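Asker: My structure is in coords17.csv, and what it holds is CSV, C-alpha atoms:
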chain,number,residue,atom,x,y,z
E,11,MET,CA,-135.6,-139.4,76.6
E,12,ALA,CA,-136.1,-137.4,79.9
E,13,HIS,CA,-134.4,-134.1,80.4
E,14,GLU,CA,-132.2,-134.9,83.5
E,15,PHE,CA,-130.4,-131.6,83.7
E,16,SER,CA,-131.3,-128.0,84.1
E,17,LEU,CA,-130.5,-124.9,82.0
E,18,GLU,CA,-127.8,-124.1,84.5
E,19,ASP,CA,-126.2,-127.5,83.6
E,20,LEU,CA,-126.5,-126.6,79.9
E,21,SER,CA,-124.8,-123.3,80.5
E,22,ALA,CA,-122.1,-125.0,82.6
E,23,PHE,CA,-121.6,-127.6,79.8
E,24,LEU,CA,-121.1,-124.8,77.3
E,25,ASP,CA,-118.6,-123.1,79.6
E,26,ASP,CA,-116.9,-126.4,80.3
E,27,GLU,CA,-117.5,-126.1,84.0
E,28,LEU,CA,-119.2,-129.5,84.7
E,29,PRO,CA,-117.4,-132.4,86.3
E,30,ALA,CA,-116.2,-134.9,83.7
E,31,GLU,CA,-118.9,-137.5,84.5
E,32,ARG,CA,-121.7,-134.9,84.4
E,33,HIS,CA,-120.3,-133.4,81.2
E,34,LEU,CA,-120.4,-136.9,79.5
E,35,GLN,CA,-124.0,-137.4,80.6
E,36,VAL,CA,-125.1,-134.0,79.2
E,37,GLU,CA,-123.2,-134.6,76.0
E,38,ALA,CA,-124.9,-138.0,75.5
E,39,HIS,CA,-128.3,-136.5,76.1
E,40,LEU,CA,-127.6,-133.6,73.6
E,41,ARG,CA,-126.8,-136.2,70.8
E,42,SER,CA,-130.2,-137.8,71.3
E,43,CYS,CA,-132.4,-134.7,72.0
E,44,PRO,CA,-133.0,-132.2,69.3
E,45,ALA,CA,-134.8,-129.8,71.6
E,46,CYS,CA,-131.9,-129.6,74.0
E,47,SER,CA,-129.4,-129.3,71.1
E,48,ARG,CA,-131.4,-126.3,69.9
E,49,GLU,CA,-131.3,-124.8,73.4
E,50,LEU,CA,-127.5,-125.3,73.5
E,51,GLU,CA,-127.3,-123.6,70.1
E,52,ARG,CA,-129.4,-120.7,71.4
E,53,PHE,CA,-127.0,-120.3,74.4
E,54,GLU,CA,-124.0,-120.4,72.0
E,55,LYS,CA,-125.5,-117.6,69.9
E,56,ALA,CA,-126.3,-115.5,72.9
E,57,GLY,CA,-122.7,-115.9,74.2
E,58,ALA,CA,-121.3,-114.9,70.8
E,59,ALA,CA,-123.5,-111.9,70.7
E,60,PHE,CA,-122.3,-110.8,74.2
E,61,ARG,CA,-118.7,-111.3,73.2
E,62,GLU,CA,-119.2,-109.4,70.0
E,63,HIS,CA,-120.9,-106.5,71.8
E,64,GLY,CA,-118.0,-106.4,74.3
E,65,ARG,CA,-115.6,-105.7,71.5
E,66,ARG,CA,-117.3,-102.6,70.2
E,67,PRO,CA,-115.6,-99.4,71.4
E,68,LEU,CA,-117.5,-97.0,73.6
E,69,PRO,CA,-118.7,-93.8,71.9
E,70,ALA,CA,-116.2,-91.0,72.3
E,71,GLY,CA,-116.6,-89.1,75.6
E,72,LEU,CA,-119.2,-91.5,77.0
E,73,LEU,CA,-117.1,-92.5,80.0
E,74,GLY,CA,-116.4,-88.9,80.9
E,75,ARG,CA,-120.1,-88.0,80.7
E,76,MET,CA,-121.0,-90.9,82.9
E,77,LEU,CA,-118.4,-90.0,85.5
E,78,ARG,CA,-119.5,-86.3,85.5
E,79,ARG,CA,-123.1,-87.4,86.2
E,80,LEU,CA,-122.0,-89.7,89.0
E,81,ARG,CA,-119.8,-87.1,90.6
E,82,PRO,CA,-121.7,-85.3,93.3
E,83,LYS,CA,-122.5,-81.6,92.6
E,84,SER,CA,-120.6,-79.2,94.8
E,85,PHE,CA,-122.7,-77.9,97.6
E,86,LYS,CA,-121.8,-74.5,98.9
E,87,LEU,CA,-123.8,-72.6,101.5
E,88,ASP,CA,-124.1,-68.8,101.8
E,89,PRO,CA,-121.3,-67.8,104.3
E,90,THR,CA,-123.8,-66.1,106.6
E,91,LEU,CA,-126.0,-69.2,106.7
E,92,GLU,CA,-123.0,-71.4,107.2
E,93,TRP,CA,-121.8,-69.3,110.3
E,94,GLY,CA,-125.4,-69.2,111.5
E,95,LEU,CA,-125.6,-73.0,111.4
E,96,ILE,CA,-122.3,-73.3,113.1
E,97,LEU,CA,-123.4,-71.0,115.9
E,98,ALA,CA,-126.8,-72.8,116.3
E,99,VAL,CA,-125.1,-76.2,116.5
E,100,THR,CA,-122.5,-74.9,119.0
E,101,LEU,CA,-125.2,-73.2,121.1
E,102,GLY,CA,-127.3,-76.4,121.0
E,103,ILE,CA,-124.3,-78.5,122.2
E,104,VAL,CA,-123.6,-76.1,125.1
E,105,LEU,CA,-127.2,-76.0,126.2
E,106,ALA,CA,-127.6,-79.8,125.9
E,107,GLY,CA,-124.4,-80.1,128.0
E,108,GLY,CA,-125.7,-77.7,130.6
E,109,VAL,CA,-129.0,-79.5,130.8
E,110,ALA,CA,-127.2,-82.9,131.1
E,111,LEU,CA,-125.0,-81.5,133.9
E,112,LYS,CA,-128.0,-80.1,135.8
E,113,ALA,CA,-129.9,-83.3,135.4
E,114,TYR,CA,-127.1,-85.8,136.3
E,115,MET,CA,-125.0,-83.6,138.7
E,116,PRO,CA,-127.5,-81.5,140.7
E,117,GLY,CA,-125.1,-80.8,143.5
E,118,LEU,CA,-122.5,-79.3,141.1
E,119,PHE,CA,-124.5,-76.2,140.4
E,120,SER,CA,-125.1,-75.5,144.1
E,121,GLN,CA,-121.4,-76.0,144.8
E,122,ILE,CA,-120.5,-73.5,142.0
E,123,GLN,CA,-123.0,-71.1,143.3
E,124,GLN,CA,-121.5,-71.3,146.8
E,125,MET,CA,-118.0,-70.8,145.4
E,126,ILE,CA,-119.1,-67.7,143.4
E,127,SER,CA,-121.0,-66.3,146.5
E,128,GLY,CA,-117.9,-67.0,148.7
E,129,ALA,CA,-115.6,-65.3,146.1
E,130,ALA,CA,-117.9,-62.4,145.8
E,131,GLY,CA,-118.2,-62.1,149.5
E,132,SER,CA,-114.4,-62.1,150.0
E,133,LEU,CA,-114.0,-59.5,147.3
E,134,GLY,CA,-116.4,-57.3,149.1
E,135,GLN,CA,-114.6,-57.7,152.4
E,136,SER,CA,-111.2,-56.9,151.1
E,137,ASN,CA,-112.1,-53.2,150.3
Could you render the structure from this file as structure tokens?
Answerer:
Amino acid sequence: MAHEFSLEDLSAFLDDELPAERHLQVEAHLRSCPACSRELERFEKAGAAFREHGRRPLPAGLLGRMLRRLRPKSFKLDPTLEWGLILAVTLGIVLAGGVALKAYMPGLFSQIQQMISGAAGSLGQSN
């Protein structure tokens, strides 16, 4: 007799997940095919082994050890290095902002320069 089903069908048969008609077809085939019946028996033994293995308790402390290994280690910088990095990043942002302003708003710097010159000139005249 031809094998008209896959191993997935056999697994679904074992788990009672096949539609009724397909279940009957596989069941009929299993009665007449010793090779497929042995395969089903192999699936049943594997399932029983997995179920039995799942019932065994975990060794004491295993879960805690696993969680400690998964938890990231604390990362602490030297305070001097930390402040140096903060200063460098801040300085980089300020410089990048200044370059961007100079590039995209060239008239702004000349206006600021004129305002400063005007203010300085007026301060010099008031004495």
Asker: E:Gly57, E:Thr100, E:Leu72, E:Gly117: which is nearest Asp25 (chain E), counting all atoms listed in the file?
Answerer: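 Smallest distance to Asp25 (chain E) is found for E:Gly57.
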Asker: Quick one: distance from CA of Leu118 (chain E) to CA of Ile96 (chain E) in Å, one decimal?
Answerer: 28.6 Å
Asker: Record the distance separating CA of Glu18 (chain E) and CA of Ala56 (chain E), expressed in Å with one decimal.
Answerer: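 That distance, rounded to one decimal, is 14.5 Å.
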Asker: CA of Leu105 (chain E) and CA of Met125 (chain E), how far apart in Å?
Answerer: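 CA of Met125 (chain E) sits 21.9 Å away from CA of Leu105 (chain E).
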Asker: Could you give me, as a count of residues only, the residues within 10 Å of Leu17 (chain E), counting all atoms listed in the file and dropping anything in the same chain fewer than 3 positions from it?
Answerer: 8
Asker: Please, can region 42-75 of chain E be completed to N, CA and C atoms and returned as a tab-separated table (two decimals), in the frame of the given file?
Answerer:
chain	number	residue	atom	x	y	z
E	42	SER	N	-128.92	-137.08	71.53
E	42	SER	CA	-130.20	-137.80	71.30
E	42	SER	C	-131.41	-136.87	71.42
E	43	CYS	N	-131.22	-135.61	71.76
E	43	CYS	CA	-132.40	-134.70	72.00
E	43	CYS	C	-132.24	-133.45	71.19
E	44	PRO	N	-133.03	-133.37	70.10
E	44	PRO	CA	-133.00	-132.20	69.30
E	44	PRO	C	-133.38	-130.89	70.00
E	45	ALA	N	-134.33	-130.98	70.90
E	45	ALA	CA	-134.80	-129.80	71.60
E	45	ALA	C	-133.66	-129.22	72.49
E	46	CYS	N	-132.96	-130.06	73.20
E	46	CYS	CA	-131.90	-129.60	74.00
E	46	CYS	C	-130.68	-129.11	73.18
E	47	SER	N	-130.48	-129.75	72.04
E	47	SER	CA	-129.40	-129.30	71.10
E	47	SER	C	-129.73	-127.90	70.61
E	48	ARG	N	-131.01	-127.63	70.30
E	48	ARG	CA	-131.40	-126.30	69.90
E	48	ARG	C	-131.20	-125.27	71.00
E	49	GLU	N	-131.50	-125.69	72.22
E	49	GLU	CA	-131.30	-124.80	73.40
E	49	GLU	C	-129.83	-124.47	73.55
E	50	LEU	N	-128.99	-125.48	73.37
E	50	LEU	CA	-127.50	-125.30	73.50
E	50	LEU	C	-127.09	-124.28	72.37
E	51	GLU	N	-127.64	-124.46	71.18
E	51	GLU	CA	-127.30	-123.60	70.10
E	51	GLU	C	-127.73	-122.13	70.38
E	52	ARG	N	-128.90	-121.99	71.02
E	52	ARG	CA	-129.40	-120.70	71.40
E	52	ARG	C	-128.42	-120.02	72.43
E	53	PHE	N	-127.95	-120.83	73.40
E	53	PHE	CA	-127.00	-120.30	74.40
E	53	PHE	C	-125.69	-119.90	73.69
E	54	GLU	N	-125.24	-120.71	72.71
E	54	GLU	CA	-124.00	-120.40	72.00
E	54	GLU	C	-124.15	-119.06	71.24
E	55	LYS	N	-125.30	-118.86	70.59
E	55	LYS	CA	-125.50	-117.60	69.90
E	55	LYS	C	-125.58	-116.41	70.80
E	56	ALA	N	-126.23	-116.59	71.95
E	56	ALA	CA	-126.30	-115.50	72.90
E	56	ALA	C	-124.91	-115.15	73.44
E	57	GLY	N	-124.11	-116.16	73.73
E	57	GLY	CA	-122.70	-115.90	74.20
E	57	GLY	C	-121.91	-115.20	73.15
E	58	ALA	N	-122.08	-115.60	71.88
E	58	ALA	CA	-121.30	-114.90	70.80
E	58	ALA	C	-121.76	-113.49	70.67
E	59	ALA	N	-123.05	-113.23	70.80
E	59	ALA	CA	-123.50	-111.90	70.70
E	59	ALA	C	-122.97	-111.00	71.84
E	60	PHE	N	-122.91	-111.55	73.05
E	60	PHE	CA	-122.30	-110.80	74.20
E	60	PHE	C	-120.87	-110.54	73.96
E	61	ARG	N	-120.16	-111.54	73.47
E	61	ARG	CA	-118.70	-111.30	73.20
E	61	ARG	C	-118.50	-110.28	72.15
E	62	GLU	N	-119.30	-110.33	71.09
E	62	GLU	CA	-119.20	-109.40	70.00
E	62	GLU	C	-119.50	-107.95	70.50
E	63	HIS	N	-120.53	-107.84	71.30
E	63	HIS	CA	-120.90	-106.50	71.80
E	63	HIS	C	-119.82	-105.95	72.70
E	64	GLY	N	-119.12	-106.80	73.45
E	64	GLY	CA	-118.00	-106.40	74.30
E	64	GLY	C	-116.84	-105.84	73.56
E	65	ARG	N	-116.73	-106.19	72.28
E	65	ARG	CA	-115.60	-105.70	71.50
E	65	ARG	C	-115.80	-104.37	70.87
E	66	ARG	N	-117.03	-103.91	70.85
E	66	ARG	CA	-117.30	-102.60	70.20
E	66	ARG	C	-116.77	-101.49	71.16
E	67	PRO	N	-116.13	-100.50	70.58
E	67	PRO	CA	-115.60	-99.40	71.40
E	67	PRO	C	-116.76	-98.52	71.92
E	68	LEU	N	-116.54	-97.94	73.05
E	68	LEU	CA	-117.50	-97.00	73.60
E	68	LEU	C	-117.52	-95.73	72.77
E	69	PRO	N	-118.67	-95.09	72.63
E	69	PRO	CA	-118.70	-93.80	71.90
E	69	PRO	C	-117.74	-92.82	72.60
E	70	ALA	N	-117.15	-91.96	71.80
E	70	ALA	CA	-116.20	-91.00	72.30
E	70	ALA	C	-116.84	-90.12	73.39
E	71	GLY	N	-116.18	-89.98	74.52
E	71	GLY	CA	-116.60	-89.10	75.60
E	71	GLY	C	-117.70	-89.72	76.50
E	72	LEU	N	-118.16	-90.95	76.22
E	72	LEU	CA	-119.20	-91.50	77.00
E	72	LEU	C	-118.75	-91.75	78.48
E	73	LEU	N	-117.56	-92.27	78.66
E	73	LEU	CA	-117.10	-92.50	80.00
E	73	LEU	C	-116.98	-91.22	80.81
E	74	GLY	N	-116.46	-90.18	80.19
E	74	GLY	CA	-116.40	-88.90	80.90
E	74	GLY	C	-117.72	-88.34	81.26
E	75	ARG	N	-118.70	-88.45	80.36
E	75	ARG	CA	-120.10	-88.00	80.70
E	75	ARG	C	-120.66	-88.76	81.81
